[in-house]
Amino acid sequence: MRLPSRLRVFSTARNAVFPRILWGGLVFAAAMLMVWQVAAPDRAHQFRQKVLVAFSPVLTVASDLSQNITQILFHAGSFTSLKAENHELKERLLNFQALQMDNIKLLEENQALRRQLHVIDDLPMQFISARIISDSSSGFSRNVVINAGKEDGVKKGQVVMADMALVGRVISVEDNIAEVLLLQDFSSRIPVVLANSGEHGILSGDGGNLLQLRFLSQHQLSQSGETVLTSGKGGGIPPGLLVGYVQSADVDGVGVVPASDIGRLRFVQVVDYGYSPLILKEQPMKTTQTP
Amino acid sequence: MCAKPVLVSFSRDRFYLSLFFVASCMAGLLINYAPWPVLHLNLLMPALMPMLIFGWVISRPEVGGYAGLFLFGLLQDILFQHAFGTHALFYLGLSLVTVPLRSYLLLCNFSFIWAVFAGMYLIYYLYTGLAAQLFSGQSVPFSIVMARWMLGVAIFPLIFIGLLWSHRLLLWRVKYR
């Protein structure tokens, strides 16, 4: 078929030698990059981090834009229900004030009992609030980048929470940004315990929203709605943090819904418990030498 | 629906088109990479870069060139934690297959281009899924991949016709302002 001249612009160039050499060279370069990543994963990771740092200002602007657009498009209708929402919030506030009074009494009683029993206090928690500036969930990994890094006190291995529930942990830190591996990621493994039965297991992600609870005893299947907490085994993550709730439990496995919906979050809290071995591994403790 | 190709001058307006190529690809990358804190949009959002690259290769392959496809593929690999070179290889392969066919495709009805894109997009997800499984053991539930593929195929006409109309508007302004 003879083509019109206006459509033959590129087809005349395809017979040229240079584009073919260029194409072959670039394919070779791409293949070499793959080999390089497999051969030197640490350097490849450092390279990736440098690119992420270089792009972080652009990512911050893009994050602002996306959140503003989301606000305008998806939350514009909510202004109409403000009055009803306000009324409901006032009612909730009254309930919480009543609960707070009870809590203060319980707290005082608890502290008195702890003093009598000489219970060692938990280490103090330090929160660093950070904004999510990118979300690579549309790829095959499930991680986010936050706008807090070494300069803000973030360290590798620290846990990341939102709505007082675990959402992931820090896997790499640069000066101003940090990368957080979400619970939903394929490579995420968290030791957990079921609140009611006390059954221990490993919570893993599969890329989707539902988490999978593995290595549970076959005879003690959990109940739907049961709370899942971190067990603290392995030492990487403190015990007792809320992770999610059992949604479905059968012989094939146990599905867990995360307590915090990362798909709707804009801010997270990086929590420093101060005793994580993963953090200590990065910054070894000084040992005193006896003379 | 038949998309008529709009070809004006190639040499004079190439700079503006190159800028537009870079801007559109960056926008595609950032839209996918930015957090969308509503309705799990990030999880279901289809990959925009293959659509844009396919659109550019069909309409103006000389603007981005092989080097442009390679660089944006590499950038996508870096941002989305794929093995380096995965997307670069795919886009180079896509250009190799599509460029000789583009003249014929542009003469066809748009539905034919759409069908070719749907096939290419399916291959894209299978290929990236296989690469992710091979290099890092990562996988995504099949239902999510299919949902992304269907959404991507559904919005492709908007992207493609948007690109063609943008070329027309851009070149018209450059030529006659």
# chains A, B, ... in the order shown; residues from 1 in each chain; ligands from 1
$ interface_residues --of "chain B" --to "chain A" --cutoff "8 Å" --atoms "only C-alpha atoms" --output "ChimeraX atom specification"
/B:7,30-47,61-62,66-67,70,78-86,88-89,92,99-100,103,129,132,135,137-141,144
$ atom_distance --atom1 "atom CA of Leu203 of chain A" --atom2 "atom CA of Arg189 of chain A"
5.6 Å
$ select_by_dssp --residues "segment 31-249 of chain A" --states "strand (DSSP E)" --output "ChimeraX atom specification"
/A:126-135,143-146,159-162,165-173,178-182,189-194,200-204,211-214,227-230,242-249
$ closest_residue --among "A:Pro258, A:Pro57, A:Gly253, A:Gly25" --to "Leu241 of chain A" --atoms "only C-alpha atoms"
A:Pro258
$ atom_distance --atom1 "atom CA of Leu75 of chain B" --atom2 "atom CA of Pro41 of chain A"
17.1 Å
$ residues_around --residues "segment 151-157 of chain A" --least-positions-apart "2" --cutoff "7 Å" --atoms "only C-alpha atoms" --output "list in words"
Ala148, Gly149, Val159, Arg169, Val170, Ile171, Ser172, Val173, Asp175, Asn176, Leu278 and Ile279 of chain A
$ select_by_dssp --residues "segment 28-154 of chain B" --states "helix (DSSP H, G or I)" --output "MDAnalysis selection string"
chainID B and resid 28:33 41:44 48:59 61:79 86:107 110:136 142:154
$ decode --residues "segment 118-129 of chain B" --atoms "all heavy atoms" --output "short mmCIF file (atom, residue, chain, number, x, y, z; two decimals), in the first residue's frame"
data_model
loop_
_atom_site.label_atom_id
_atom_site.label_comp_id
_atom_site.auth_asym_id
_atom_site.auth_seq_id
_atom_site.Cartn_x
_atom_site.Cartn_y
_atom_site.Cartn_z
N ALA B 118 -4.96 -2.10 23.58
CA ALA B 118 -5.42 -3.02 24.63
C ALA B 118 -4.51 -4.24 24.71
O ALA B 118 -4.13 -4.69 25.80
CB ALA B 118 -6.86 -3.44 24.36
N GLY B 119 -4.12 -4.76 23.54
CA GLY B 119 -3.22 -5.91 23.51
C GLY B 119 -1.85 -5.55 24.07
O GLY B 119 -1.28 -6.28 24.89
N MET B 120 -1.36 -4.37 23.66
CA MET B 120 -0.05 -3.93 24.14
C MET B 120 -0.06 -3.72 25.65
O MET B 120 0.89 -4.09 26.35
CB MET B 120 0.31 -2.62 23.43
CG MET B 120 1.67 -2.04 23.72
SD MET B 120 1.80 -1.14 25.27
CE MET B 120 0.65 0.20 25.05
N TYR B 121 -1.16 -3.17 26.13
CA TYR B 121 -1.27 -2.86 27.57
C TYR B 121 -1.32 -4.15 28.40
O TYR B 121 -0.76 -4.21 29.50
CB TYR B 121 -2.53 -2.03 27.78
CG TYR B 121 -2.50 -1.13 28.99
CD1 TYR B 121 -1.41 -0.32 29.27
CD2 TYR B 121 -3.59 -1.06 29.86
CE1 TYR B 121 -1.38 0.51 30.37
CE2 TYR B 121 -3.58 -0.23 30.96
CZ TYR B 121 -2.47 0.55 31.21
OH TYR B 121 -2.45 1.37 32.31
N LEU B 122 -1.99 -5.15 27.84
CA LEU B 122 -2.03 -6.45 28.53
C LEU B 122 -0.62 -7.05 28.59
O LEU B 122 -0.19 -7.55 29.64
CB LEU B 122 -3.00 -7.39 27.80
CG LEU B 122 -3.30 -8.71 28.51
CD1 LEU B 122 -3.99 -8.47 29.83
CD2 LEU B 122 -4.15 -9.61 27.62
N ILE B 123 0.08 -6.95 27.47
CA ILE B 123 1.46 -7.46 27.43
C ILE B 123 2.31 -6.69 28.45
O ILE B 123 3.15 -7.27 29.14
CB ILE B 123 2.05 -7.34 26.01
CG1 ILE B 123 1.31 -8.28 25.06
CG2 ILE B 123 3.55 -7.66 26.00
CD1 ILE B 123 1.63 -8.08 23.60
N TYR B 124 2.06 -5.39 28.55
CA TYR B 124 2.81 -4.55 29.50
C TYR B 124 2.65 -5.08 30.92
O TYR B 124 3.63 -5.26 31.65
CB TYR B 124 2.34 -3.10 29.40
CG TYR B 124 2.77 -2.24 30.55
CD1 TYR B 124 4.06 -1.73 30.62
CD2 TYR B 124 1.88 -1.94 31.59
CE1 TYR B 124 4.47 -0.95 31.69
CE2 TYR B 124 2.27 -1.15 32.65
CZ TYR B 124 3.57 -0.67 32.70
OH TYR B 124 3.97 0.09 33.77
N TYR B 125 1.40 -5.34 31.32
CA TYR B 125 1.17 -5.81 32.69
C TYR B 125 1.74 -7.21 32.92
O TYR B 125 2.28 -7.50 33.99
CB TYR B 125 -0.32 -5.76 33.03
CG TYR B 125 -0.74 -4.40 33.55
CD1 TYR B 125 -1.68 -3.64 32.89
CD2 TYR B 125 -0.16 -3.86 34.69
CE1 TYR B 125 -2.04 -2.39 33.35
CE2 TYR B 125 -0.50 -2.61 35.15
CZ TYR B 125 -1.45 -1.87 34.49
OH TYR B 125 -1.78 -0.63 34.95
N LEU B 126 1.61 -8.06 31.90
CA LEU B 126 2.18 -9.41 32.04
C LEU B 126 3.70 -9.33 32.16
O LEU B 126 4.31 -10.00 32.99
CB LEU B 126 1.77 -10.28 30.84
CG LEU B 126 0.29 -10.62 30.73
CD1 LEU B 126 0.01 -11.37 29.43
CD2 LEU B 126 -0.16 -11.46 31.91
N TYR B 127 4.29 -8.49 31.31
CA TYR B 127 5.75 -8.36 31.29
C TYR B 127 6.28 -7.76 32.60
O TYR B 127 7.22 -8.31 33.20
CB TYR B 127 6.14 -7.48 30.09
CG TYR B 127 7.55 -6.94 30.13
CD1 TYR B 127 8.64 -7.76 29.83
CD2 TYR B 127 7.79 -5.61 30.46
CE1 TYR B 127 9.93 -7.26 29.87
CE2 TYR B 127 9.07 -5.10 30.49
CZ TYR B 127 10.14 -5.94 30.20
OH TYR B 127 11.41 -5.43 30.25
N THR B 128 5.68 -6.67 33.06
CA THR B 128 6.17 -6.04 34.30
C THR B 128 5.91 -6.95 35.50
O THR B 128 6.72 -7.00 36.43
CB THR B 128 5.52 -4.66 34.54
OG1 THR B 128 4.12 -4.78 34.38
CG2 THR B 128 6.06 -3.62 33.60
N GLY B 129 4.79 -7.66 35.46
CA GLY B 129 4.48 -8.60 36.55
C GLY B 129 5.51 -9.72 36.61
O GLY B 129 5.99 -10.09 37.68
#
